[in-house]
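Working notes, structure below.
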Amino acid sequence: MTKTAISAHQLVKWFGEGEARTHAVKAASFEANFGEIFYLVGPSGSGKTTLLSMVSGILKPESGSVTIDETDIWTLSNDELADFRLNRIGFVFQDYHLFPRLTTLENVAIPLILKQRVWDDALQEALKYLEIVGLKDRAHLAPFKLSGGEQQRVAIARAIVSQPDILIFDEPTASLDGDTGKKIMSFINDEILNDHRCVLVVTHDSRIFEYADKIMKMEDGAVTAIEHKNEIK
Amino acid sequence: MKGILKIAFKLLVNDKGKFAALLMGITFAVFLMVMMTSIFSGVLRSASSVVINIGAKIWVMDPAVTTVANSIPMPEFVEDAVRSIDGVKFAVPLFSGSATLRLTNGAYQAVSILGLDDTSLLGRPELMEGNIDDIFAENGFLVIKDSEINKLNNPHIGTTFELNEHRGVIVGIAKVAANGLFGMPTLYTTYNRAIQYIPTARYTTSYVLVEPKSPEAVQHIKDEVKKLGYVAVTNEEFRDNISTYYKYKTGLGTNILIMTLISFIVGLSISGQTFYTFILENLDKFGALKAIGAKSRELIIMIVFQAGFTALTGYGLGVGLCTLMIGLAKMRLPNYASVVTFGNLGIAFIMVLIIAIFSSLIGVRKVLKIEPFDVFRG
């Protein structure tokens with residue numbers, strides 16, 4: 001039996017005040033399970049990134065709740081929420097946000113350092129994850145010396161190094177060519193996903209829809225459909 | 001916490017261009033601040049050189065005296081009256097004045113002349129050549145070997161000169177702890193010869209130098225001297241008075257203060273601006289760190305560490321550079337009036353701390369305002 005990883009209930013978010021107020025997310029609800037790759041898709045401005053931010057605990061909703069593995073994350077204090085993100089959620093940002101002044105290995109080790117791991121131990125652990133993403137030999141290079149696909153894999157290694165059970169990918173293939181994008185998603189599907197992990201992907205790249213277990217479609221801040229793997233066209 | 005500081009350190013120093021610009025800004029500012037205040041300290045020390053060199057514990061003088069150079073002669077009874085005060089071990093007169101010498105080549109040269117008490121020679125300089133007893137010989141003068149001595153055509157023992165139609169002879173070459181401010185050679189002779197050779201007004205005693213029987217007697221001596229219509233100050237107080245005069249009653253203190261403030265503002269501007277740019281360039285990374293799970297206080301610690309490390313390194317380099325420059329200058333100019341004091345270093349340190357705090361504040365403010373959501377939005 002699959003276990004619910006994320007349960008979002010009636011999430012609402014708006015920006016601005018008065019006449020300038022924009023309703024970014026309108027009462028969005030969904031559930032994603034462990035062992036699933038869950039896509040949030042929709043055109044630009046549909047509210048998918050806003051929804052993802054609320055689900056991952058970095059943008060407070062106006063109303064509604066987010067429960068991750070039985071914890072209502074928006075009842076946590078700021079510090080508790082930061083700890084929750086550090087321990088339970090891994091992020092892969094669209095632009096990767098790797099530190100150009102640190103080596104690839106040091107970039108991967110950052111979550112472990114934030115968890116107060118000793119520097120050398122953190123680097124040793126990070127090296128294992130660089131090996132998993134196939135970049136052990138690039139460990140001491142600066143990230144900007146790597147290709148886009150390699151940087152993406154470094155960002156993945158950084159996201160999984162603290163062994164989170166929720167992984168958030170924001171437009172993971174946006175800056176990659178078709179083949180590299182598919183390789184990355186295939187790698188996530190084969191090597192990263194497991195029964196104790198849920199992967200959330202925000203994308204509008206239809207070339208990678210084949211890797212989704214569920215696709216939630218959004219438009220104008222509202223959820224318009226949730227399709228399961230066998231329903232995906 | 002060590003790991004976070006190591007990340008902060010690497011982010012800072014691996015950005016070599018910015019780090020170098022930050023260091024140069026702070027180093028330059030510290031160099032200027034320490035240099036300015038050191039020159040001022042050197043000038044103040046030179047202005048008090050006679051007080052330092054004579055070394056008497058208590059100085060009695062006219063209340064209107066502001067610096068050693070502008071002494072106001074006192075009547076002789078003051079010396080006797082001071083001697084009779086309870087708690088005075090001994091009291092002797094000192095002549096301090098200036099005169100113009102005619103050298104053997106016919107040239108004229110202004111000099112400072114100090115006339116020491118004939119009996120005790122209190123405040124006599126350390127002799128390098130000659131015999132101190134020769135100061136009592138006919139026309140005997142000691143000359144101080146400093147950077148001004150060349151103005152007397154490199155005199156040696158036996159060199160003669162003319163002073164107000166009196167013959168003078170160099171009988172000893174001496175050295176002193178502090179050099180004078182006004183660029184004149186200094187001669188020492190006895191008090192009686194000084195007042196005989198140098199025409200003065202009705203009164204001749206520039207200062208009465210006092211040795212108290214005990215430190216407890218100092219206040220009583222001051223009170224009694226005050227009743228005579230004069231003032232008695234300790235060596236330190238006299239130096240403070242001179243320092244206060246130059247700081248607040250001449251333009252010197254104000255000018256140095258302005259230059260020091262300009263140096264501070266230059267340092268603040270360069271480092272503040274560069275650090276702000278550094279933070280701006282890394283702002284999305286700090287946002288990403290927040291999203292990953294870094295707490296605000298951890299980011300503050302990183303920024304404060306970066307600003308503090310840069311400021312302290314710049315401070316060390318600035319002080320080192322200043323010391324090196326002063327050292328080099330003193331090798332060429334022994335009388336170069338610049339002294340690095342703990343006070344100067346303290347002032348520069350406080351100013352560097354202000355630069356670090358200011359730089360940190362603008363960085364922290366920016367980083368605390370960034371929302372992780374902004375990172376997602378791009």
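Just remember, in the structure tokens the first chain shown is A, the second B, etc., residues are 1-based per chain, and ligands are 1-based in the order shown.
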
For Leu105 (chain A), find every residue with an atom within 12 Å (counting only C-alpha atoms), except residues of its own chain fewer than 6 positions away, and show them as JSON, numbers by chain. {"A": [98, 99, 111, 112, 113, 119, 120, 121, 122, 123, 124, 125, 126, 127, 128, 129, 130, 131, 133, 135, 136, 137, 138, 139, 140, 141, 142, 143, 151, 153, 154, 155, 157, 158, 161]}

Near chain A, which residues of chain B fall within 6 Å when you count only C-alpha atoms, and what do they look like as a PDB file with C-alpha atoms, in the first residue's frame?
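Everything below was put into selection-v3.pdb:
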ATOM      1  CA  GLY B   3      31.843  24.456   8.528  1.00  0.00           C
ATOM      2  CA  LEU B  11      33.199  32.369  -0.774  1.00  0.00           C
ATOM      3  CA  ASN B  14      38.011  32.665  -3.723  1.00  0.00           C
ATOM      4  CA  LYS B 285      22.998  31.830  -3.533  1.00  0.00           C
ATOM      5  CA  ILE B 292      17.843  24.439   1.579  1.00  0.00           C
ATOM      6  CA  GLY B 293      17.512  25.051   5.313  1.00  0.00           C
TER       7      GLY B 293
END

To one decimal in Å, tell me the separation between CA of Gly97 (chain B) and CA of Ile113 (chain B). 5.4 Å

Separating CA of Ser175 (chain A) from CA of His228 (chain A), to the nearest tenth of an Å, is a gap of 26.5 Å

For CA of Gly346 (chain B) and CA of Val176 (chain B), quote the distance in Å rounded to one decimal.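 Computed distance, CA of Gly346 (chain B) to CA of Val176 (chain B), equals 28.1 Å.
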
For the structure I just gave you, how does DSSP split region 80-112 of chain A - specifically, which residues are alpha helix (DSSP H)? Reply as number ranges by chain. A: 80-88, 104-112

So that I have them on file, write out the residues from the current selection with all heavy atoms, as a compact mmCIF listing (two decimals), in the first residue's frame.
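Output saved as selection-v2.txt:
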# COMPACT_ATOMS: atom_id res chain seq x y z
N GLU A 80 12.12 25.79 13.03
CA GLU A 80 11.70 24.38 12.87
C GLU A 80 11.48 24.07 11.40
O GLU A 80 11.84 22.99 10.91
CB GLU A 80 10.41 24.12 13.66
CG GLU A 80 10.63 24.06 15.16
CD GLU A 80 9.32 24.04 15.94
OE1 GLU A 80 8.28 24.48 15.40
OE2 GLU A 80 9.35 23.60 17.10
N LEU A 81 10.91 25.06 10.70
CA LEU A 81 10.64 24.87 9.27
C LEU A 81 11.96 24.76 8.49
O LEU A 81 12.08 23.94 7.57
CB LEU A 81 9.81 26.05 8.76
CG LEU A 81 9.09 25.86 7.43
CD1 LEU A 81 8.24 24.60 7.42
CD2 LEU A 81 8.21 27.06 7.13
N ALA A 82 12.94 25.60 8.87
CA ALA A 82 14.25 25.52 8.21
C ALA A 82 14.87 24.15 8.45
O ALA A 82 15.41 23.53 7.52
CB ALA A 82 15.17 26.63 8.75
N ASP A 83 14.76 23.66 9.68
CA ASP A 83 15.29 22.32 9.98
C ASP A 83 14.54 21.25 9.20
O ASP A 83 15.14 20.27 8.72
CB ASP A 83 15.17 22.03 11.49
CG ASP A 83 16.30 22.68 12.27
OD1 ASP A 83 17.36 22.93 11.66
OD2 ASP A 83 16.13 22.94 13.48
N PHE A 84 13.23 21.44 9.09
CA PHE A 84 12.41 20.47 8.36
C PHE A 84 12.86 20.40 6.91
O PHE A 84 13.04 19.31 6.35
CB PHE A 84 10.92 20.88 8.45
CG PHE A 84 9.99 19.84 7.91
CD1 PHE A 84 9.53 18.80 8.72
CD2 PHE A 84 9.57 19.88 6.59
CE1 PHE A 84 8.68 17.83 8.21
CE2 PHE A 84 8.72 18.91 6.08
CZ PHE A 84 8.27 17.88 6.89
N ARG A 85 13.05 21.56 6.31
CA ARG A 85 13.50 21.59 4.90
C ARG A 85 14.87 20.94 4.76
O ARG A 85 15.12 20.17 3.83
CB ARG A 85 13.58 23.03 4.39
CG ARG A 85 12.24 23.70 4.16
CD ARG A 85 12.37 24.91 3.23
NE ARG A 85 13.28 25.92 3.75
CZ ARG A 85 12.91 26.96 4.48
NH1 ARG A 85 11.63 27.12 4.79
NH2 ARG A 85 13.78 27.84 4.93
N LEU A 86 15.73 21.24 5.72
CA LEU A 86 17.10 20.72 5.64
C LEU A 86 17.11 19.19 5.73
O LEU A 86 17.88 18.53 5.04
CB LEU A 86 17.92 21.32 6.80
CG LEU A 86 19.40 20.98 6.86
CD1 LEU A 86 20.11 21.42 5.59
CD2 LEU A 86 20.04 21.66 8.07
N ASN A 87 16.23 18.64 6.56
CA ASN A 87 16.27 17.21 6.81
C ASN A 87 15.35 16.40 5.90
O ASN A 87 15.61 15.24 5.63
CB ASN A 87 15.89 16.91 8.27
CG ASN A 87 16.96 17.41 9.22
OD1 ASN A 87 18.12 17.08 9.08
ND2 ASN A 87 16.57 18.26 10.17
N ARG A 88 14.26 17.04 5.43
CA ARG A 88 13.25 16.24 4.74
C ARG A 88 13.06 16.59 3.26
O ARG A 88 12.46 15.80 2.53
CB ARG A 88 11.88 16.42 5.44
CG ARG A 88 11.86 16.10 6.94
CD ARG A 88 12.06 14.61 7.19
NE ARG A 88 11.03 13.80 6.60
CZ ARG A 88 9.87 13.50 7.19
NH1 ARG A 88 9.61 13.94 8.41
NH2 ARG A 88 8.97 12.74 6.59
N THR A 104 32.91 21.68 -6.87
CA THR A 104 31.72 20.85 -7.04
C THR A 104 31.45 20.05 -5.76
O THR A 104 30.31 19.97 -5.29
CB THR A 104 31.97 19.89 -8.23
OG1 THR A 104 32.19 20.71 -9.39
CG2 THR A 104 30.82 18.98 -8.47
N LEU A 105 32.51 19.48 -5.22
CA LEU A 105 32.38 18.66 -4.02
C LEU A 105 31.86 19.48 -2.84
O LEU A 105 30.95 19.05 -2.11
CB LEU A 105 33.75 18.06 -3.67
CG LEU A 105 33.81 17.10 -2.49
CD1 LEU A 105 32.93 15.88 -2.74
CD2 LEU A 105 35.25 16.65 -2.23
N GLU A 106 32.40 20.67 -2.68
CA GLU A 106 31.97 21.54 -1.56
C GLU A 106 30.51 21.97 -1.74
O GLU A 106 29.76 22.06 -0.76
CB GLU A 106 32.88 22.77 -1.47
CG GLU A 106 34.28 22.44 -0.94
CD GLU A 106 35.32 23.51 -1.25
OE1 GLU A 106 35.04 24.44 -2.03
OE2 GLU A 106 36.45 23.39 -0.72
N ASN A 107 30.12 22.19 -2.99
CA ASN A 107 28.72 22.54 -3.25
C ASN A 107 27.79 21.42 -2.80
O ASN A 107 26.75 21.67 -2.18
CB ASN A 107 28.51 22.80 -4.75
CG ASN A 107 28.64 24.28 -5.09
OD1 ASN A 107 27.73 25.06 -4.82
ND2 ASN A 107 29.77 24.66 -5.65
N VAL A 108 28.18 20.20 -3.12
CA VAL A 108 27.33 19.05 -2.75
C VAL A 108 27.27 18.89 -1.22
O VAL A 108 26.24 18.50 -0.67
CB VAL A 108 27.87 17.75 -3.42
CG1 VAL A 108 27.10 16.53 -2.94
CG2 VAL A 108 27.77 17.88 -4.94
N ALA A 109 28.35 19.24 -0.56
CA ALA A 109 28.43 19.03 0.89
C ALA A 109 27.66 20.08 1.71
O ALA A 109 27.49 19.91 2.92
CB ALA A 109 29.90 19.04 1.32
N ILE A 110 27.16 21.13 1.04
CA ILE A 110 26.55 22.25 1.79
C ILE A 110 25.44 21.80 2.76
O ILE A 110 25.46 22.18 3.94
CB ILE A 110 26.06 23.35 0.82
CG1 ILE A 110 27.26 24.16 0.36
CG2 ILE A 110 25.04 24.27 1.49
CD1 ILE A 110 26.95 25.22 -0.68
N PRO A 111 24.48 20.97 2.32
CA PRO A 111 23.43 20.58 3.29
C PRO A 111 24.01 19.86 4.52
O PRO A 111 23.51 20.04 5.63
CB PRO A 111 22.54 19.64 2.47
CG PRO A 111 22.75 20.06 1.07
CD PRO A 111 24.19 20.45 0.98
N LEU A 112 25.06 19.09 4.30
CA LEU A 112 25.67 18.38 5.44
C LEU A 112 26.36 19.36 6.39
O LEU A 112 26.32 19.21 7.60
CB LEU A 112 26.68 17.34 4.94
CG LEU A 112 26.10 16.25 4.03
CD1 LEU A 112 27.21 15.35 3.51
CD2 LEU A 112 25.06 15.43 4.79

Shortest interatomic distance to Ala28 (chain A) - which of A:Ala8, A:Val41, A:Ile132, A:Ile192, counting only C-alpha atoms: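 Smallest separation from Ala28 (chain A) among the options: A:Ala8.
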
Selected residue, from B:Val68, B:Met36, B:Ile149, B:Met302, that lies nearest to Leu252 (chain B) when counting only C-alpha atoms: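 Of the candidates, the smallest distance to Leu252 (chain B) is held by B:Met36.
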
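For Cys322 (chain B), the non-local neighbours within 12 Å, defined as residues at least 5 positions apart in the same chain or in other chains and counting only C-alpha atoms, are Thr27, Phe28, Ala29, Val30, Phe31, Leu32, Met33, Val34, Met35, Met36, Thr37, Ser38, Ile39, Gly314, Tyr315, Gly316, Leu317, Gly327, Leu328, Ala329, Ser338, Val339, Val340, Thr341, Asn344, Leu345 and Ala348 of chain B.
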
Which residues come within 9 Å of region 114-124 of chain B, counting only C-alpha atoms, excluding same-chain residues fewer than 5 positions away, as a PyMOL selection string? chain B and resi 50+53-56+92-98+132+136+186-195+209

Could you please take those selected residues and save N, CA, C and O atoms as a tab-separated table (two decimals), in the first residue's frame?
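again-v6.tsv written:
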chain	number	residue	atom	x	y	z
B	50	VAL	N	61.04	69.15	25.41
B	50	VAL	CA	61.81	69.69	26.54
B	50	VAL	C	61.33	69.08	27.85
B	50	VAL	O	62.14	68.72	28.72
B	53	ASN	N	62.63	65.53	27.93
B	53	ASN	CA	64.08	65.44	28.08
B	53	ASN	C	64.56	65.91	29.45
B	53	ASN	O	65.46	65.31	30.04
B	54	ILE	N	63.97	66.98	29.96
B	54	ILE	CA	64.38	67.48	31.28
B	54	ILE	C	63.92	66.51	32.36
B	54	ILE	O	64.66	66.20	33.29
B	55	GLY	N	62.67	66.01	32.21
B	55	GLY	CA	62.21	64.92	33.06
B	55	GLY	C	61.86	65.29	34.50
B	55	GLY	O	61.65	64.40	35.32
B	56	ALA	N	61.78	66.59	34.84
B	56	ALA	CA	61.42	66.97	36.21
B	56	ALA	C	60.02	66.51	36.55
B	56	ALA	O	59.15	66.47	35.67
B	92	VAL	N	64.76	73.91	41.52
B	92	VAL	CA	65.85	74.58	40.80
B	92	VAL	C	65.27	75.34	39.61
B	92	VAL	O	64.21	74.99	39.09
B	93	PRO	N	65.97	76.36	39.15
B	93	PRO	CA	65.47	77.13	38.01
B	93	PRO	C	65.85	76.49	36.68
B	93	PRO	O	66.83	75.74	36.60
B	94	LEU	N	65.09	76.81	35.66
B	94	LEU	CA	65.43	76.38	34.29
B	94	LEU	C	65.22	77.57	33.38
B	94	LEU	O	64.19	78.25	33.46
B	95	PHE	N	66.22	77.79	32.51
B	95	PHE	CA	66.05	78.82	31.49
B	95	PHE	C	65.72	78.12	30.18
B	95	PHE	O	66.36	77.15	29.79
B	96	SER	N	64.70	78.62	29.52
B	96	SER	CA	64.35	78.07	28.20
B	96	SER	C	64.15	79.25	27.26
B	96	SER	O	63.31	80.13	27.51
B	97	GLY	N	64.94	79.29	26.20
B	97	GLY	CA	64.79	80.40	25.26
B	97	GLY	C	65.43	80.10	23.94
B	97	GLY	O	65.87	78.98	23.68
B	98	SER	N	65.47	81.10	23.09
B	98	SER	CA	66.12	80.90	21.79
B	98	SER	C	67.02	82.10	21.51
B	98	SER	O	66.87	83.16	22.11
B	132	ILE	N	81.01	66.11	31.26
B	132	ILE	CA	79.95	67.01	31.75
B	132	ILE	C	80.51	68.17	32.56
B	132	ILE	O	79.96	69.28	32.53
B	136	PHE	N	80.99	73.67	32.94
B	136	PHE	CA	81.29	74.78	33.85
B	136	PHE	C	82.51	75.60	33.37
B	136	PHE	O	82.81	76.66	33.92
B	186	THR	N	69.74	72.39	19.26
B	186	THR	CA	69.55	72.68	20.69
B	186	THR	C	70.90	72.70	21.40
B	186	THR	O	71.72	71.79	21.21
B	187	LEU	N	71.08	73.73	22.21
B	187	LEU	CA	72.30	73.83	23.03
B	187	LEU	C	71.91	73.82	24.50
B	187	LEU	O	70.84	74.35	24.86
B	188	TYR	N	72.75	73.21	25.33
B	188	TYR	CA	72.56	73.24	26.77
B	188	TYR	C	73.75	73.99	27.39
B	188	TYR	O	74.88	73.83	26.94
B	189	THR	N	73.46	74.78	28.39
B	189	THR	CA	74.54	75.38	29.17
B	189	THR	C	74.03	75.55	30.60
B	189	THR	O	72.97	75.03	30.95
B	190	THR	N	74.79	76.28	31.41
B	190	THR	CA	74.32	76.49	32.78
B	190	THR	C	73.32	77.64	32.80
B	190	THR	O	73.31	78.49	31.90
B	191	TYR	N	72.51	77.65	33.85
B	191	TYR	CA	71.46	78.67	33.98
B	191	TYR	C	72.08	80.07	34.00
B	191	TYR	O	71.63	80.97	33.28
B	192	ASN	N	73.12	80.24	34.80
B	192	ASN	CA	73.71	81.57	34.94
B	192	ASN	C	74.35	82.06	33.66
B	192	ASN	O	74.28	83.24	33.32
B	193	ARG	N	74.97	81.12	32.91
B	193	ARG	CA	75.56	81.55	31.64
B	193	ARG	C	74.46	81.92	30.65
B	193	ARG	O	74.59	82.89	29.90
B	194	ALA	N	73.38	81.14	30.67
B	194	ALA	CA	72.28	81.40	29.74
B	194	ALA	C	71.72	82.80	29.96
B	194	ALA	O	71.53	83.56	28.99
B	195	ILE	N	71.45	83.15	31.23
B	195	ILE	CA	70.84	84.47	31.46
B	195	ILE	C	71.85	85.61	31.25
B	195	ILE	O	71.49	86.75	31.02
B	209	LEU	N	61.85	73.86	38.51
B	209	LEU	CA	61.68	72.40	38.48
B	209	LEU	C	61.70	71.88	39.91
B	209	LEU	O	62.61	72.22	40.69

Can you pull out every residue within 9 Å of Leu353 (chain B), counting only C-alpha atoms, but drop anything in the same chain fewer than 6 positions away, and send it as an MDAnalysis selection string? chainID B and resid 308 311:312

Can I get the selection written as a PDB file, in the first residue's frame, with all heavy atoms?
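Below is the file result36.pdb, written as the result:
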ATOM      1  N   GLY B 308      34.132  40.923   9.096  1.00  0.00           N
ATOM      2  CA  GLY B 308      35.107  41.006  10.192  1.00  0.00           C
ATOM      3  C   GLY B 308      36.483  40.528   9.756  1.00  0.00           C
ATOM      4  O   GLY B 308      37.501  41.168  10.048  1.00  0.00           O
ATOM      5  N   ALA B 311      38.011  43.096   7.493  1.00  0.00           N
ATOM      6  CA  ALA B 311      38.388  44.313   8.231  1.00  0.00           C
ATOM      7  C   ALA B 311      39.658  44.078   9.054  1.00  0.00           C
ATOM      8  O   ALA B 311      40.571  44.909   9.041  1.00  0.00           O
ATOM      9  CB  ALA B 311      37.238  44.739   9.136  1.00  0.00           C
ATOM     10  N   LEU B 312      39.717  42.943   9.734  1.00  0.00           N
ATOM     11  CA  LEU B 312      40.881  42.694  10.596  1.00  0.00           C
ATOM     12  C   LEU B 312      42.148  42.447   9.766  1.00  0.00           C
ATOM     13  O   LEU B 312      43.237  42.887  10.133  1.00  0.00           O
ATOM     14  CB  LEU B 312      40.616  41.506  11.529  1.00  0.00           C
ATOM     15  CG  LEU B 312      39.563  41.787  12.604  1.00  0.00           C
ATOM     16  CD1 LEU B 312      39.344  40.565  13.482  1.00  0.00           C
ATOM     17  CD2 LEU B 312      39.955  42.977  13.470  1.00  0.00           C
TER      18      LEU B 312
END
